[in-house]
Amino acid sequence: MYTEAVFSLSALFRDRSHRFFRLIFAGAFLLRILTLLLAFHMRGSLAFLEPDSLDYMRLAASINEGTYTALSGFPEIARTPGYPFFLWLVTCFCSSVIAVILIQVLFEMGILVLIYMIGLRLFSVKAAIFGILFYALSPLAVSGALKVLSETVFLFCFMLSLFLLIPSEKGKDDKGLSRIFLGGVLIGIACLLRAVMLPLIPLFLLYCIWIWRRQNLLKKLSVFLIPVLLICGVWVLRNIYSSAYYGFSSISSVNTYRYNACALSASLGGRDFASEQIAFDRALEGISSEKEKALAASERGWKLIIAHPLAYIPVHLKGSFRALLPADGDILKMLGFETGGNGTLAVMQSKGLLAGLKHYLDGRLWLIFVLLPGGLFLVCEYAAAGVGLIIAFLKAKRDYLPWVVLAILCVAYYLLVSGPAGHPRFRIPAEALICLFAGSGMSAIYDLNSSFVSGSTRRNSSM
């Protein structure tokens, strides 16, 4: 497996047939490095930090001290240790934020390679080239790689696991056990990087049953599940031992309360979301233990949602829609430009998209012209991805259809799961797959246009 992978990678950077890949790869790398240098020049290390970044860095420092504790002093059970451990590992060699970002840019380049290789395997060279072009130019991908946040490292592990689990056309998987095992390891690591991956494990399990149902199913399932269960199980045992918390992460409980239930409560009462969230947070202030806070948040949050299921559905969908919005403002903010009023997402949550847009612009009409190209690019990406999804589903080879279905369901999950907490940043785990399908769709549109032009030329010449 490893020799085959090395030869495949070397061919990408050596064979003439992949020259467009190398050109886009180099352009994508330069774009990210130039953005990094310009952002650092304008704002210093602050350009790469978000509120969540400080939390990750604090947890990385606690690992260095031999603990893993929340701000309350109790053991941390909300944030899983994958990304803090990555930060700690980097800081063992270099404590600069720039070192973290540079390594993430390398992960980003790995994602670009994976999109191309999957595109070659499932679609065509042209589709693969269009796919990496979309990803190379994606403002969301650029901003995600240049922030001290877990998304880029997570996406690399997720995409590599998907690549390793592409079924063989010939069905000869006797030499594929190492690929299956590594795929399981990567899914386990992805769970430690972001707990949002955990609910996808049953989906991956069904996918594996589908593709291996006639090929030593029990053997392959065991090879796949053992590393997943070991990696995730160790963290569950740690939570039980340190906090008597019988779960993988409490972050979903906290978010259900602070965002989902809070947004529903604000909607039912006609109140402002930001003010409602402050009230919700105060209701938990008297609870010091992270475990008790998580249990209380889960109980109160779900009680409200279950009591008003029909009212909650539009609230959730409206919040999830925000994950589809452009991320150009993040790039501008990194470069030191004032991009509008703070709290835009909270305004969208309470008053809708148009009110949020007005608040974001805050009288700065020049922002419309700056953000318009990125908005048009995103519309093009979504339109091409829609065409690509249909083509992939209808025309995929029989051996690859399960993978296409898995990828489509993963995209849908990542776009919908955030709900009222929705933010363009939370689209990053789906962005690579969206660009992959956009490449397939753009390739089909290009071929259709070429056929139309050549047909018109032949008709004109015959006349």
# chains A, B, ... in the order shown; residues from 1 in each chain; ligands from 1
call {"tool": "residues_around", "arguments": {"residues": "stretch 161-163 of chain A", "least_positions_apart": "3", "cutoff": "9 Å", "atoms": "only C-alpha atoms", "output": "ChimeraX atom specification"}}
result
/A:114-115,117-118,156-158,166,179-180,182-187,403,407
call {"tool": "select_by_dssp", "arguments": {"residues": "stretch 37-285 of chain A", "states": "alpha helix (DSSP H)", "output": "JSON, numbers by chain"}}
result
{"A": [37, 38, 39, 40, 41, 42, 43, 51, 52, 53, 54, 55, 56, 57, 58, 59, 60, 61, 62, 63, 64, 82, 83, 84, 85, 86, 87, 88, 89, 90, 91, 97, 98, 99, 100, 101, 102, 103, 104, 105, 106, 107, 108, 109, 110, 111, 112, 113, 114, 115, 116, 117, 118, 119, 120, 121, 122, 125, 126, 127, 128, 129, 130, 131, 132, 133, 134, 135, 136, 137, 139, 140, 141, 142, 143, 144, 145, 151, 152, 153, 154, 155, 156, 157, 158, 159, 160, 161, 162, 163, 164, 177, 178, 179, 180, 181, 182, 183, 184, 185, 186, 187, 188, 189, 190, 191, 192, 193, 201, 202, 203, 204, 205, 206, 207, 208, 209, 210, 211, 212, 217, 218, 219, 220, 221, 222, 223, 224, 225, 226, 227, 228, 229, 230, 231, 232, 233, 234, 235, 236, 237, 238, 239, 240, 241, 242, 243, 251, 252, 253, 254, 255, 262, 263, 264, 265, 266, 267, 268, 269, 273, 274, 275, 276, 277, 278, 279, 280, 281, 282, 283]}
call {"tool": "closest_atom_pairs", "arguments": {"of": "stretch 38-135 of chain A", "to": "stretch 377-400 of chain A", "cutoff": "12 Å", "atoms": "only C-alpha atoms", "output": "tab-separated table"}}
result
residue	atom	partner	partner_atom	distance
A:Ile118	CA	A:Tyr400	CA	10.9
A:Gly119	CA	A:Ala392	CA	10.9
A:Arg121	CA	A:Tyr400	CA	9.2
A:Leu122	CA	A:Tyr400	CA	7.0
A:Phe123	CA	A:Ala392	CA	8.0
A:Ser124	CA	A:Ala392	CA	11.4
A:Ala127	CA	A:Gly388	CA	9.3
A:Ala128	CA	A:Gly388	CA	11.8
A:Phe130	CA	A:Ala384	CA	10.0
A:Gly131	CA	A:Ala385	CA	9.5
A:Ile132	CA	A:Glu381	CA	11.7
A:Leu133	CA	A:Glu381	CA	10.5
A:Phe134	CA	A:Glu381	CA	7.0
A:Tyr135	CA	A:Glu381	CA	9.5
call {"tool": "closest_atom_pairs", "arguments": {"of": "stretch 108-165 of chain A", "to": "stretch 194-210 of chain A", "cutoff": "9 Å", "atoms": "only C-alpha atoms", "output": "tab-separated table"}}
result
residue	atom	partner	partner_atom	distance
A:Ser150	CA	A:Arg194	CA	7.3
A:Glu151	CA	A:Arg194	CA	8.0
A:Phe154	CA	A:Arg194	CA	6.9
A:Phe158	CA	A:Met197	CA	8.7
A:Leu165	CA	A:Cys208	CA	8.3
call {"tool": "write_last_selection", "arguments": {"atoms": "N, CA and C atoms", "output": "PDB file, in the first residue's frame"}}
result
ATOM      1  N   SER A 150      -9.219  23.904  14.561  1.00  0.00           N
ATOM      2  CA  SER A 150      -9.039  22.474  14.298  1.00  0.00           C
ATOM      3  C   SER A 150      -9.489  22.030  12.912  1.00  0.00           C
ATOM      4  N   GLU A 151     -10.213  22.888  12.169  1.00  0.00           N
ATOM      5  CA  GLU A 151     -10.897  22.420  10.970  1.00  0.00           C
ATOM      6  C   GLU A 151      -9.976  21.832   9.905  1.00  0.00           C
ATOM      7  N   PHE A 154      -8.508  18.472  10.901  1.00  0.00           N
ATOM      8  CA  PHE A 154      -9.634  17.535  10.895  1.00  0.00           C
ATOM      9  C   PHE A 154      -9.994  17.130   9.475  1.00  0.00           C
ATOM     10  N   PHE A 158     -10.155  13.430   7.727  1.00  0.00           N
ATOM     11  CA  PHE A 158     -11.439  12.972   7.200  1.00  0.00           C
ATOM     12  C   PHE A 158     -11.310  12.590   5.731  1.00  0.00           C
ATOM     13  N   LEU A 165     -10.832   4.451   1.964  1.00  0.00           N
ATOM     14  CA  LEU A 165     -11.988   3.550   1.973  1.00  0.00           C
ATOM     15  C   LEU A 165     -12.738   3.507   0.646  1.00  0.00           C
TER      16      LEU A 165
END
call {"tool": "residues_around", "arguments": {"residues": "stretch 293-302 of chain A", "least_positions_apart": "5", "cutoff": "9 Å", "atoms": "only C-alpha atoms", "output": "list in words"}}
result
Ile77, Ala78, Ser250, Ile251, Ser252, Ser253, Val254, Asn255, Thr256, Tyr257, Arg258, Asn260, Ala261, Cys262, Leu284, Glu285, Ile287, Ser288 and Ala307 of chain A
call {"tool": "closest_residue", "arguments": {"among": "A:Ile434, A:Ser222, A:Gly375, A:Leu160", "to": "A:Ile408", "atoms": "only C-alpha atoms"}}
result
A:Ile434
call {"tool": "atom_distance", "arguments": {"atom1": "atom CA of A:Leu120", "atom2": "atom CA of A:Leu12"}}
result
11.2 Å
call {"tool": "closest_atom_pairs", "arguments": {"of": "stretch 40-153 of chain A", "to": "stretch 410-429 of chain A", "cutoff": "9 Å", "atoms": "only C-alpha atoms", "output": "Markdown table"}}
result
| residue | atom | partner | partner_atom | distance |
| --- | --- | --- | --- | --- |
| A:Leu140 | CA | A:Ile428 | CA | 6.9 |
| A:Ala141 | CA | A:Ile428 | CA | 6.8 |
| A:Ser143 | CA | A:Arg425 | CA | 8.7 |
| A:Gly144 | CA | A:Arg425 | CA | 7.1 |
| A:Glu151 | CA | A:Ile428 | CA | 6.5 |
| A:Thr152 | CA | A:Ile428 | CA | 7.6 |
call {"tool": "atom_distance", "arguments": {"atom1": "atom CA of A:Cys435", "atom2": "atom CA of A:Ser17"}}
result
21.4 Å
call {"tool": "residues_around", "arguments": {"residues": "stretch 29-42 of chain A", "least_positions_apart": "4", "cutoff": "12 Å", "atoms": "only C-alpha atoms", "output": "PyMOL selection string"}}
result
chain A and resi 22-25+46-49+97-113+135-147+330-337
call {"tool": "write_last_selection", "arguments": {"atoms": "N, CA and C atoms", "output": "short mmCIF file (atom, residue, chain, number, x, y, z; two decimals), in the first residue's frame"}}
result
data_model
loop_
_atom_site.label_atom_id
_atom_site.label_comp_id
_atom_site.auth_asym_id
_atom_site.auth_seq_id
_atom_site.Cartn_x
_atom_site.Cartn_y
_atom_site.Cartn_z
N ARG A 22 0.00 20.51 -11.04
CA ARG A 22 1.17 21.15 -10.43
C ARG A 22 1.05 22.68 -10.46
N LEU A 23 0.50 23.20 -11.53
CA LEU A 23 0.33 24.64 -11.65
C LEU A 23 -0.66 25.16 -10.60
N ILE A 24 -1.79 24.48 -10.46
CA ILE A 24 -2.80 24.89 -9.47
C ILE A 24 -2.27 24.68 -8.05
N PHE A 25 -1.55 23.59 -7.84
CA PHE A 25 -0.97 23.29 -6.53
C PHE A 25 -0.03 24.42 -6.11
N LEU A 46 -2.11 38.12 15.96
CA LEU A 46 -3.54 38.25 16.26
C LEU A 46 -4.41 37.94 15.04
N ALA A 47 -3.84 38.09 13.84
CA ALA A 47 -4.59 37.83 12.62
C ALA A 47 -5.06 36.39 12.54
N PHE A 48 -4.37 35.49 13.22
CA PHE A 48 -4.64 34.05 13.09
C PHE A 48 -5.40 33.48 14.28
N LEU A 49 -5.85 34.35 15.18
CA LEU A 49 -6.49 33.88 16.41
C LEU A 49 -7.97 34.24 16.45
N VAL A 97 3.14 30.99 16.69
CA VAL A 97 1.87 30.74 16.03
C VAL A 97 2.09 30.50 14.54
N ILE A 98 3.09 31.18 13.97
CA ILE A 98 3.39 31.04 12.55
C ILE A 98 3.76 29.59 12.21
N ALA A 99 4.46 28.92 13.12
CA ALA A 99 4.84 27.51 12.89
C ALA A 99 3.58 26.65 12.77
N VAL A 100 2.59 26.91 13.63
CA VAL A 100 1.33 26.16 13.57
C VAL A 100 0.65 26.39 12.22
N ILE A 101 0.60 27.65 11.79
CA ILE A 101 -0.08 27.98 10.54
C ILE A 101 0.64 27.36 9.35
N LEU A 102 1.97 27.38 9.35
CA LEU A 102 2.73 26.79 8.24
C LEU A 102 2.46 25.29 8.12
N ILE A 103 2.39 24.61 9.26
CA ILE A 103 2.10 23.17 9.23
C ILE A 103 0.68 22.94 8.72
N GLN A 104 -0.25 23.81 9.12
CA GLN A 104 -1.62 23.67 8.63
C GLN A 104 -1.70 23.92 7.13
N VAL A 105 -0.88 24.81 6.62
CA VAL A 105 -0.83 25.02 5.17
C VAL A 105 -0.38 23.75 4.47
N LEU A 106 0.55 23.03 5.07
CA LEU A 106 0.98 21.74 4.50
C LEU A 106 -0.17 20.73 4.51
N PHE A 107 -0.93 20.70 5.59
CA PHE A 107 -2.13 19.85 5.63
C PHE A 107 -3.10 20.27 4.52
N GLU A 108 -3.23 21.59 4.32
CA GLU A 108 -4.11 22.11 3.29
C GLU A 108 -3.68 21.62 1.90
N MET A 109 -2.37 21.59 1.67
CA MET A 109 -1.86 21.09 0.39
C MET A 109 -2.14 19.60 0.25
N GLY A 110 -2.10 18.89 1.37
CA GLY A 110 -2.46 17.47 1.36
C GLY A 110 -3.92 17.26 0.98
N ILE A 111 -4.79 18.14 1.48
CA ILE A 111 -6.22 18.07 1.11
C ILE A 111 -6.39 18.27 -0.38
N LEU A 112 -5.63 19.22 -0.94
CA LEU A 112 -5.69 19.49 -2.38
C LEU A 112 -5.29 18.24 -3.18
N VAL A 113 -4.24 17.57 -2.74
CA VAL A 113 -3.79 16.33 -3.40
C VAL A 113 -4.89 15.26 -3.32
N TYR A 135 -11.19 24.50 -4.90
CA TYR A 135 -10.68 24.49 -3.52
C TYR A 135 -9.51 25.46 -3.36
N ALA A 136 -8.64 25.54 -4.35
CA ALA A 136 -7.48 26.42 -4.29
C ALA A 136 -7.90 27.88 -4.12
N LEU A 137 -9.02 28.26 -4.76
CA LEU A 137 -9.48 29.65 -4.73
C LEU A 137 -10.52 29.92 -3.64
N SER A 138 -10.93 28.89 -2.92
CA SER A 138 -11.99 29.05 -1.92
C SER A 138 -11.54 29.95 -0.76
N PRO A 139 -12.18 31.11 -0.56
CA PRO A 139 -11.82 31.96 0.58
C PRO A 139 -12.00 31.23 1.92
N LEU A 140 -13.00 30.35 1.98
CA LEU A 140 -13.23 29.60 3.22
C LEU A 140 -12.06 28.69 3.52
N ALA A 141 -11.55 27.99 2.50
CA ALA A 141 -10.41 27.10 2.70
C ALA A 141 -9.17 27.89 3.10
N VAL A 142 -8.96 29.05 2.46
CA VAL A 142 -7.78 29.87 2.77
C VAL A 142 -7.85 30.37 4.21
N SER A 143 -8.98 30.94 4.60
CA SER A 143 -9.10 31.48 5.96
C SER A 143 -9.04 30.37 7.00
N GLY A 144 -9.61 29.20 6.68
CA GLY A 144 -9.57 28.09 7.63
C GLY A 144 -8.17 27.59 7.90
N ALA A 145 -7.35 27.53 6.86
CA ALA A 145 -5.98 27.05 7.02
C ALA A 145 -5.12 28.03 7.80
N LEU A 146 -5.49 29.32 7.77
CA LEU A 146 -4.67 30.36 8.40
C LEU A 146 -5.19 30.78 9.77
N LYS A 147 -6.00 29.97 10.39
CA LYS A 147 -6.48 30.23 11.74
C LYS A 147 -6.05 29.09 12.66
N ASP A 330 -13.85 37.04 6.55
CA ASP A 330 -12.79 36.52 7.41
C ASP A 330 -11.41 36.87 6.86
N ILE A 331 -11.27 36.80 5.52
CA ILE A 331 -10.00 37.16 4.90
C ILE A 331 -9.71 38.64 5.12
N LEU A 332 -10.73 39.49 4.89
CA LEU A 332 -10.55 40.93 5.08
C LEU A 332 -10.19 41.26 6.52
N LYS A 333 -10.84 40.57 7.45
CA LYS A 333 -10.57 40.80 8.87
C LYS A 333 -9.13 40.41 9.21
N MET A 334 -8.67 39.28 8.65
CA MET A 334 -7.29 38.86 8.87
C MET A 334 -6.30 39.91 8.37
N LEU A 335 -6.65 40.58 7.27
CA LEU A 335 -5.77 41.56 6.66
C LEU A 335 -5.89 42.94 7.30
N GLY A 336 -6.73 43.04 8.33
CA GLY A 336 -6.80 44.29 9.08
C GLY A 336 -7.88 45.25 8.63
N PHE A 337 -8.77 44.84 7.72
CA PHE A 337 -9.85 45.72 7.27
C PHE A 337 -11.04 45.61 8.20
#
call {"tool": "residues_around", "arguments": {"residues": "A:Leu193", "least_positions_apart": "5", "cutoff": "8 Å", "atoms": "only C-alpha atoms", "output": "PyMOL selection string"}}
result
chain A and resi 80-83+150+153-154
call {"tool": "closest_residue", "arguments": {"among": "A:Asn216, A:Ser289, A:Ser178, A:Ser267", "to": "A:Ser72", "atoms": "only C-alpha atoms"}}
result
A:Ser289
call {"tool": "residues_around", "arguments": {"residues": "A:Ser265", "least_positions_apart": "4", "cutoff": "8 Å", "atoms": "only C-alpha atoms", "output": "ChimeraX atom specification"}}
result
/A:261,269,276,304
